[in-house]
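Asker: Pasting a structure here, questions to come.
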Amino acid sequence: MHILVTGGAGFIGANFVQQVVREHPGTKVTVLDALTYAGDEHSLDPVADAITFVKGDVADADTVDPLVADADAVVHFAAESHNDNSLAEPWPFVRTNIVGTYTLLEAVRRHGTRYHHISTDEVYGDLELDDPAKFTPETPYNPSSPYSATKAGSDMLVRAWVRSFGVAATISNCSNNYGPYQHVEKFIPRQITNLIDGVRPKLYGTGQNVRDWIHVDDHNAAVWQILAQGRIGETYLIGADGEVDNKTVVETLLELMGQPADAYDLVSDRPGHDLRYAIDATRLREELGWEPRYTSFRDGLAATVAWYRANEDWWRPQKDATEAKYASLGR
Ligand code: NAD
Ligand code: TDX
């Protein structure tokens with residue numbers, strides 16, 4: 001099988017490509033990535049000889065069409081992915097997440113190519129802290145930020161292209177990922193690299209917000225199973241029952257990195273900050289038999305800390321510009 005992986009130089013995409021090369025060696029992989037600030041070709045160094053890399057834009061039909069024509073399946077990770085950036089400048093999110101998805105859908109429609117769409121639990125909005133409910137495939141869409149609204153829009157395009165044009169697509173909506181190769185703008189790597197630099201972690205608001213953490217390798221194993229065995233037209237929610245509030249995440253990092261548990265700062269909150277996400281992954285578990293392999297968040301965090309300590313060459317070039325952006329927001 002030949003798969004086209006968009007956004008394969010980003011956090012989740014690069015881990016996916018590495019996993020496919022490692023665990024499914026018969027697969028031919030082509031990566032299409034624009035190498036925005038969030039993409040780094042070095043994230044593919046361990047598998048560079050085993051794949052083809054194309055630098056290009058998913059919203060450019062002339063680039064996309066021949067690549068899709070050549071592939072048996074497309075796995076679409078490419079996106080603008082950071083909520084804080086979407087509040088500062090929404091247009092790149094509309095362009096890449098909506099126009100980019102539209103461009104790919106038209107190409108897979110022309111060529112009859114299998115398509116898997118990577119999305120997020122943020123399309124469902126947020127839950128109260130004390131609500132026993134979790135997101136299910138039936139939860140109505142209710143996105144809060146420009147980022148989540150453009151992801152919701154892209155999901156709706158996929159559903160329409162399945163129903164109206166018979167495109168062979170599946171969708172997955174996953175919760176917050178952590179692990180190696182995540183950009184230092186995101187919560188966990190930002191705090192780990194701050195602590196390496198002797199800077200106190202920064203919690204938005206009061207730190208009560210809850211995210212449902214999943215290791216990136218568990219997300220990607222689910223994506224592979226959906227690609228191989230998922231029902232066409234279906235939506236699968238991916239999550240590993242990993243709800244933790246942000247304050248606890250920071251306290252755990254402080255403990256793992258040898259600092260007092262209260263050595264963090266509270267900073268101004270993110271506008272529109274979603275309170276809590278929680279995924280019910282019953283369909284994925286029961287229909288496809290998926291189970292997470294990383295069952296201890298603490299152990300997964302410890303391994304992630306070790307990775308950032310060992311791979312300063314990878315993250316250091318992004319650190320100053322990222323912190324300058326946060327400083328301008330007062331966070
Ligand atoms: P990321 O920001 O780390 O990587 C995005 C990649 O897409 C980068 O390599 C970037 O260069 C590339 N890209 C951006 N615009 C492009 C364009 N126009 N054309 C081609 N390539 C382009 O993001 P990530 O965290 O790896 O997220 C990947 C996908 O997973 C996204 O669709 C995101 O919505 C989804 N997702 C992320 C999480 C999470 O916790 N990070 C959770 C659920 C779903
Ligand atoms: O310095 C920080 N301090 C802080 O308290 C940062 C960067 C974040 N936070 C909080 C905000 C969130 O409650 O931590 C939580 C996680 O923040 P992010 O890493 O920005 O992730 P989030 O906004 O939850 O979105 C992520 O998960 C869903 C990904 O970035 C999305 O791409 C994915 O769809």
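Ordered as shown in the structure tokens, chains take letters A, B, and onward, while each chain numbers its residues from 1 and ligands are numbered from 1 in the order shown.
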Taking 3 positions as the minimum chain separation for residues in the same chain, which residues sit within 7 Å of stretch 323-331 of chain A when counting only C-alpha atoms? Answer as a PyMOL selection string.
Answerer: chain A and resi 267-268+319-320
Asker: Next, the residues of the selection above should be written as an mmCIF file, in the first residue's frame with N, CA and C atoms.
Answerer:
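Saved result, part.cif, follows:
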data_model
loop_
_atom_site.group_PDB
_atom_site.id
_atom_site.type_symbol
_atom_site.label_atom_id
_atom_site.label_comp_id
_atom_site.auth_asym_id
_atom_site.auth_seq_id
_atom_site.Cartn_x
_atom_site.Cartn_y
_atom_site.Cartn_z
ATOM 1 N N VAL A 267 -0.697 32.803 35.116
ATOM 2 C CA VAL A 267 -0.667 33.931 34.177
ATOM 3 C C VAL A 267 -2.083 34.159 33.643
ATOM 4 N N SER A 268 -2.264 35.217 32.849
ATOM 5 C CA SER A 268 -3.616 35.569 32.387
ATOM 6 C C SER A 268 -4.199 34.417 31.559
ATOM 7 N N LYS A 319 12.706 27.875 20.490
ATOM 8 C CA LYS A 319 12.311 28.289 21.837
ATOM 9 C C LYS A 319 12.183 29.808 21.992
ATOM 10 N N ASP A 320 13.192 30.553 21.537
ATOM 11 C CA ASP A 320 13.184 31.993 21.791
ATOM 12 C C ASP A 320 12.008 32.683 21.100
#
Asker: Could you report the residues within 9 Å of ligand 2, using only C-alpha atoms and all ligand atoms, as a PyMOL selection string?
Answerer: chain A and resi 79-84+119-123+147-148+151+173-178+184-191+201-213+245-247+250+266-267+269-270+273-277+326+331
Asker: Just want the residues within 8 Å of ligand 1, written as an MDAnalysis selection string, counting only C-alpha atoms and all ligand atoms.
Answerer: chainID A and resid 6:14 32:40 55:59 76:82 92 95:97 100 117:122 151 173:178 181:183
Asker: How would the residues just picked look written out with N, CA and C atoms as a compact mmCIF listing (two decimals), in the first residue's frame?
Answerer:
# COMPACT_ATOMS: atom_id res chain seq x y z
N THR A 6 -0.19 13.83 4.86
CA THR A 6 -0.02 15.29 4.88
C THR A 6 0.35 15.71 6.31
N GLY A 7 1.16 16.76 6.41
CA GLY A 7 1.57 17.21 7.75
C GLY A 7 2.51 16.24 8.44
N GLY A 8 3.23 15.45 7.65
CA GLY A 8 4.10 14.41 8.22
C GLY A 8 5.37 14.93 8.88
N ALA A 9 5.63 16.26 8.77
CA ALA A 9 6.78 16.83 9.47
C ALA A 9 6.35 17.51 10.78
N GLY A 10 5.07 17.40 11.11
CA GLY A 10 4.57 17.96 12.37
C GLY A 10 4.64 16.92 13.48
N PHE A 11 4.15 17.29 14.64
CA PHE A 11 4.26 16.42 15.83
C PHE A 11 3.63 15.05 15.62
N ILE A 12 2.33 14.99 15.39
CA ILE A 12 1.67 13.69 15.33
C ILE A 12 2.01 12.98 14.03
N GLY A 13 2.06 13.75 12.92
CA GLY A 13 2.37 13.16 11.62
C GLY A 13 3.75 12.50 11.59
N ALA A 14 4.75 13.15 12.17
CA ALA A 14 6.11 12.56 12.16
C ALA A 14 6.14 11.29 12.99
N LEU A 32 3.63 14.90 2.45
CA LEU A 32 3.44 16.25 1.88
C LEU A 32 3.33 17.23 3.04
N ASP A 33 4.26 18.18 3.11
CA ASP A 33 4.26 19.13 4.23
C ASP A 33 4.82 20.46 3.76
N ALA A 34 4.17 21.55 4.17
CA ALA A 34 4.60 22.89 3.75
C ALA A 34 5.78 23.40 4.58
N LEU A 35 6.16 22.68 5.63
CA LEU A 35 7.22 23.14 6.54
C LEU A 35 6.96 24.57 7.01
N THR A 36 5.79 24.77 7.62
CA THR A 36 5.50 26.04 8.29
C THR A 36 6.38 26.09 9.54
N TYR A 37 6.19 27.14 10.36
CA TYR A 37 6.96 27.23 11.62
C TYR A 37 6.82 25.93 12.43
N ALA A 38 5.71 25.20 12.26
CA ALA A 38 5.42 24.01 13.09
C ALA A 38 5.99 22.74 12.50
N GLY A 39 6.47 22.78 11.26
CA GLY A 39 6.98 21.57 10.62
C GLY A 39 8.50 21.54 10.68
N ASP A 40 9.07 20.36 10.84
CA ASP A 40 10.52 20.23 10.93
C ASP A 40 10.92 18.91 10.26
N LYS A 55 7.92 18.92 -0.27
CA LYS A 55 7.55 20.18 0.38
C LYS A 55 6.46 20.84 -0.45
N GLY A 56 5.29 21.08 0.15
CA GLY A 56 4.21 21.70 -0.62
C GLY A 56 2.99 21.93 0.25
N ASP A 57 2.03 22.65 -0.34
CA ASP A 57 0.87 23.17 0.39
C ASP A 57 -0.37 22.33 0.08
N VAL A 58 -1.07 21.88 1.10
CA VAL A 58 -2.28 21.07 0.85
C VAL A 58 -3.41 21.88 0.21
N ALA A 59 -3.32 23.20 0.25
CA ALA A 59 -4.37 24.01 -0.38
C ALA A 59 -4.05 24.33 -1.84
N HIS A 76 -4.70 12.60 6.46
CA HIS A 76 -4.57 14.07 6.44
C HIS A 76 -4.38 14.63 7.85
N PHE A 77 -3.10 14.84 8.21
CA PHE A 77 -2.75 15.46 9.50
C PHE A 77 -2.54 16.97 9.37
N ALA A 78 -2.16 17.46 8.18
CA ALA A 78 -1.71 18.85 8.06
C ALA A 78 -2.78 19.81 8.55
N ALA A 79 -2.37 20.76 9.38
CA ALA A 79 -3.30 21.76 9.90
C ALA A 79 -2.51 22.86 10.59
N GLU A 80 -3.13 24.00 10.72
CA GLU A 80 -2.70 24.95 11.76
C GLU A 80 -3.33 24.43 13.04
N SER A 81 -2.52 24.23 14.09
CA SER A 81 -2.99 23.41 15.22
C SER A 81 -3.03 24.12 16.58
N HIS A 82 -2.58 25.39 16.66
CA HIS A 82 -2.45 25.96 18.01
C HIS A 82 -3.51 27.02 18.29
N PRO A 92 -4.78 31.95 8.57
CA PRO A 92 -4.08 30.72 8.16
C PRO A 92 -4.85 29.46 8.55
N ARG A 95 -7.60 28.99 5.91
CA ARG A 95 -7.01 28.58 4.65
C ARG A 95 -6.54 27.13 4.70
N THR A 96 -5.68 26.80 5.64
CA THR A 96 -5.12 25.44 5.67
C THR A 96 -6.17 24.42 6.09
N ASN A 97 -6.91 24.71 7.15
CA ASN A 97 -7.79 23.67 7.70
C ASN A 97 -9.05 23.46 6.85
N GLY A 100 -7.60 23.71 2.61
CA GLY A 100 -6.71 22.56 2.43
C GLY A 100 -7.48 21.25 2.41
N HIS A 117 -9.33 11.31 7.77
CA HIS A 117 -9.28 12.70 8.22
C HIS A 117 -8.98 12.76 9.72
N ILE A 118 -7.89 13.45 10.06
CA ILE A 118 -7.49 13.57 11.47
C ILE A 118 -8.13 14.82 12.06
N SER A 119 -8.93 14.63 13.12
CA SER A 119 -9.53 15.79 13.76
C SER A 119 -9.39 15.69 15.29
N THR A 120 -10.11 16.58 15.94
CA THR A 120 -9.88 16.83 17.36
C THR A 120 -11.18 16.75 18.16
N ASP A 121 -11.06 16.47 19.46
CA ASP A 121 -12.24 16.50 20.33
C ASP A 121 -12.75 17.93 20.55
N GLU A 122 -11.94 18.92 20.19
CA GLU A 122 -12.35 20.31 20.44
C GLU A 122 -13.54 20.74 19.59
N LYS A 151 -11.54 23.26 12.34
CA LYS A 151 -11.50 21.79 12.34
C LYS A 151 -12.92 21.24 12.20
N ASN A 173 -11.57 11.80 15.83
CA ASN A 173 -11.46 12.97 16.70
C ASN A 173 -10.75 12.55 17.97
N CYS A 174 -9.53 13.05 18.14
CA CYS A 174 -8.71 12.60 19.27
C CYS A 174 -8.58 13.70 20.32
N SER A 175 -8.26 13.27 21.53
CA SER A 175 -8.01 14.20 22.64
C SER A 175 -6.55 14.67 22.60
N ASN A 176 -6.13 15.42 23.65
CA ASN A 176 -4.79 16.03 23.67
C ASN A 176 -3.67 15.00 23.65
N ASN A 177 -2.75 15.15 22.70
CA ASN A 177 -1.60 14.25 22.57
C ASN A 177 -0.38 14.80 23.31
N TYR A 178 0.45 13.88 23.80
CA TYR A 178 1.76 14.28 24.30
C TYR A 178 2.78 13.23 23.84
N TYR A 181 8.77 15.16 19.89
CA TYR A 181 8.61 15.98 18.67
C TYR A 181 7.42 16.93 18.72
N GLN A 182 6.90 17.26 19.92
CA GLN A 182 5.81 18.24 19.97
C GLN A 182 6.40 19.65 20.08
N HIS A 183 5.85 20.57 19.30
CA HIS A 183 6.38 21.94 19.27
C HIS A 183 6.35 22.57 20.67
Asker: Do you know which residues are at most 9 Å from A:Ala107 counting only C-alpha atoms, after dropping those on the same chain fewer than 5 positions away, and could you put them as a PyMOL selection string?
Answerer: chain A and resi 61+64-66+68-69+102+112-113
Asker: From stretch 180-281 of chain A, collect each residue whose DSSP state is strand (DSSP E) and return the set as an MDAnalysis selection string.
Answerer: chainID A and resid 202:204 210:212 214:215 235:238 243:245 265:267
Asker: So, with only C-alpha atoms as the atoms that count, which of A:Val249, A:Asn85, A:Pro90, A:Glu255 lies closest to A:Thr322?
Answerer: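 So, comparing all the options, the nearest one is A:Asn85.
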Asker: Taking only C-alpha atoms into account, name the residue in A:Leu254, A:Ala278, A:Ala228, A:Ile51 that is nearest to A:Ala240.
Answerer: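 Selected residue with least distance to A:Ala240: A:Ala278.
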Asker: Need to verify the contact set: A:Pro292, 10 Å, only C-alpha atoms, exclusion of same-chain residues closer than 4 positions in sequence. Can you return it as a compact mmCIF listing (two decimals) with N, CA and C atoms, in the first residue's frame?
Answerer:
# COMPACT_ATOMS: atom_id res chain seq x y z
N ILE A 214 -3.46 11.65 25.92
CA ILE A 214 -3.17 10.36 25.30
C ILE A 214 -1.77 10.43 24.69
N HIS A 215 -1.01 9.35 24.81
CA HIS A 215 0.32 9.32 24.19
C HIS A 215 0.15 9.27 22.67
N ASP A 217 1.73 7.81 20.39
CA ASP A 217 1.82 6.49 19.75
C ASP A 217 0.50 5.73 19.85
N ASP A 218 -0.24 5.96 20.94
CA ASP A 218 -1.56 5.31 21.07
C ASP A 218 -2.55 5.91 20.07
N HIS A 219 -2.50 7.24 19.90
CA HIS A 219 -3.34 7.89 18.88
C HIS A 219 -3.03 7.29 17.50
N ALA A 221 -1.58 4.48 16.62
CA ALA A 221 -1.96 3.07 16.44
C ALA A 221 -3.44 2.96 16.12
N ALA A 222 -4.24 3.82 16.74
CA ALA A 222 -5.69 3.83 16.45
C ALA A 222 -5.94 4.30 15.02
N ILE A 238 -11.06 9.01 19.61
CA ILE A 238 -9.86 8.38 20.15
C ILE A 238 -9.49 9.06 21.47
N GLY A 239 -9.42 8.27 22.55
CA GLY A 239 -9.03 8.79 23.85
C GLY A 239 -8.70 7.63 24.76
N ALA A 240 -7.89 7.89 25.77
CA ALA A 240 -7.37 6.80 26.62
C ALA A 240 -7.74 7.00 28.09
N ASP A 241 -8.89 7.66 28.36
CA ASP A 241 -9.33 7.89 29.75
C ASP A 241 -8.22 8.55 30.56
N ARG A 285 -12.79 0.94 20.85
CA ARG A 285 -12.38 -0.22 21.64
C ARG A 285 -13.18 -1.46 21.24
Asker: What's the 9 Å shell around A:Ile226, counting only C-alpha atoms, without same-chain residues fewer than 6 positions away, as a list in words?
Answerer: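 Counting only C-alpha atoms, the residues come to His116, Thr170, Ile171, Ser172, Tyr236, Leu284 and Leu288 of chain A.
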Asker: I'd like to know which residues of stretch 224-309 of chain A are alpha helix (DSSP H) (by DSSP, run on the backbone); could you write them as a PyMOL selection string?
Answerer: chain A and resi 224-229+246-256+282-288+297-309
Asker: Quote the spacing between atom CA of A:Asn15 and atom CA of A:Trp315 in Å to one decimal place.
Answerer: 15.5 Å
Asker: Pick out the residues sitting within 10 Å of A:Ala306, and hand them over as a short mmCIF file (atom, residue, chain, number, x, y, z; two decimals) with N, CA and C atoms, in the first residue's frame; count only C-alpha atoms, and ignore anything fewer than 3 positions along from it in its own chain.
Answerer:
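Heads up, here's the output in around.cif:
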data_model
loop_
_atom_site.label_atom_id
_atom_site.label_comp_id
_atom_site.auth_asym_id
_atom_site.auth_seq_id
_atom_site.Cartn_x
_atom_site.Cartn_y
_atom_site.Cartn_z
N PRO A 180 7.18 12.75 22.13
CA PRO A 180 8.32 13.40 21.49
C PRO A 180 7.93 14.20 20.25
N ILE A 192 8.26 21.77 30.11
CA ILE A 192 9.49 20.97 30.25
C ILE A 192 10.70 21.81 29.85
N LEU A 256 8.91 15.45 38.74
CA LEU A 256 9.81 14.63 37.90
C LEU A 256 11.12 15.35 37.64
N MET A 257 11.09 16.70 37.65
CA MET A 257 12.29 17.46 37.30
C MET A 257 12.96 18.07 38.53
N GLY A 300 4.64 8.04 31.06
CA GLY A 300 4.72 8.64 29.73
C GLY A 300 5.33 10.03 29.79
N LEU A 301 4.93 10.80 30.85
CA LEU A 301 5.51 12.14 31.03
C LEU A 301 7.01 12.05 31.31
N ALA A 302 7.39 11.07 32.16
CA ALA A 302 8.83 10.91 32.50
C ALA A 302 9.63 10.62 31.23
N ALA A 303 9.09 9.76 30.36
CA ALA A 303 9.78 9.43 29.11
C ALA A 303 9.86 10.67 28.21
N ARG A 309 15.13 16.36 27.27
CA ARG A 309 16.49 16.56 27.80
C ARG A 309 17.53 16.09 26.79
N ALA A 310 17.24 14.97 26.11
CA ALA A 310 18.22 14.35 25.19
C ALA A 310 18.21 14.99 23.80
N ASN A 311 17.20 15.79 23.50
CA ASN A 311 17.05 16.29 22.13
C ASN A 311 16.94 17.82 22.07
#
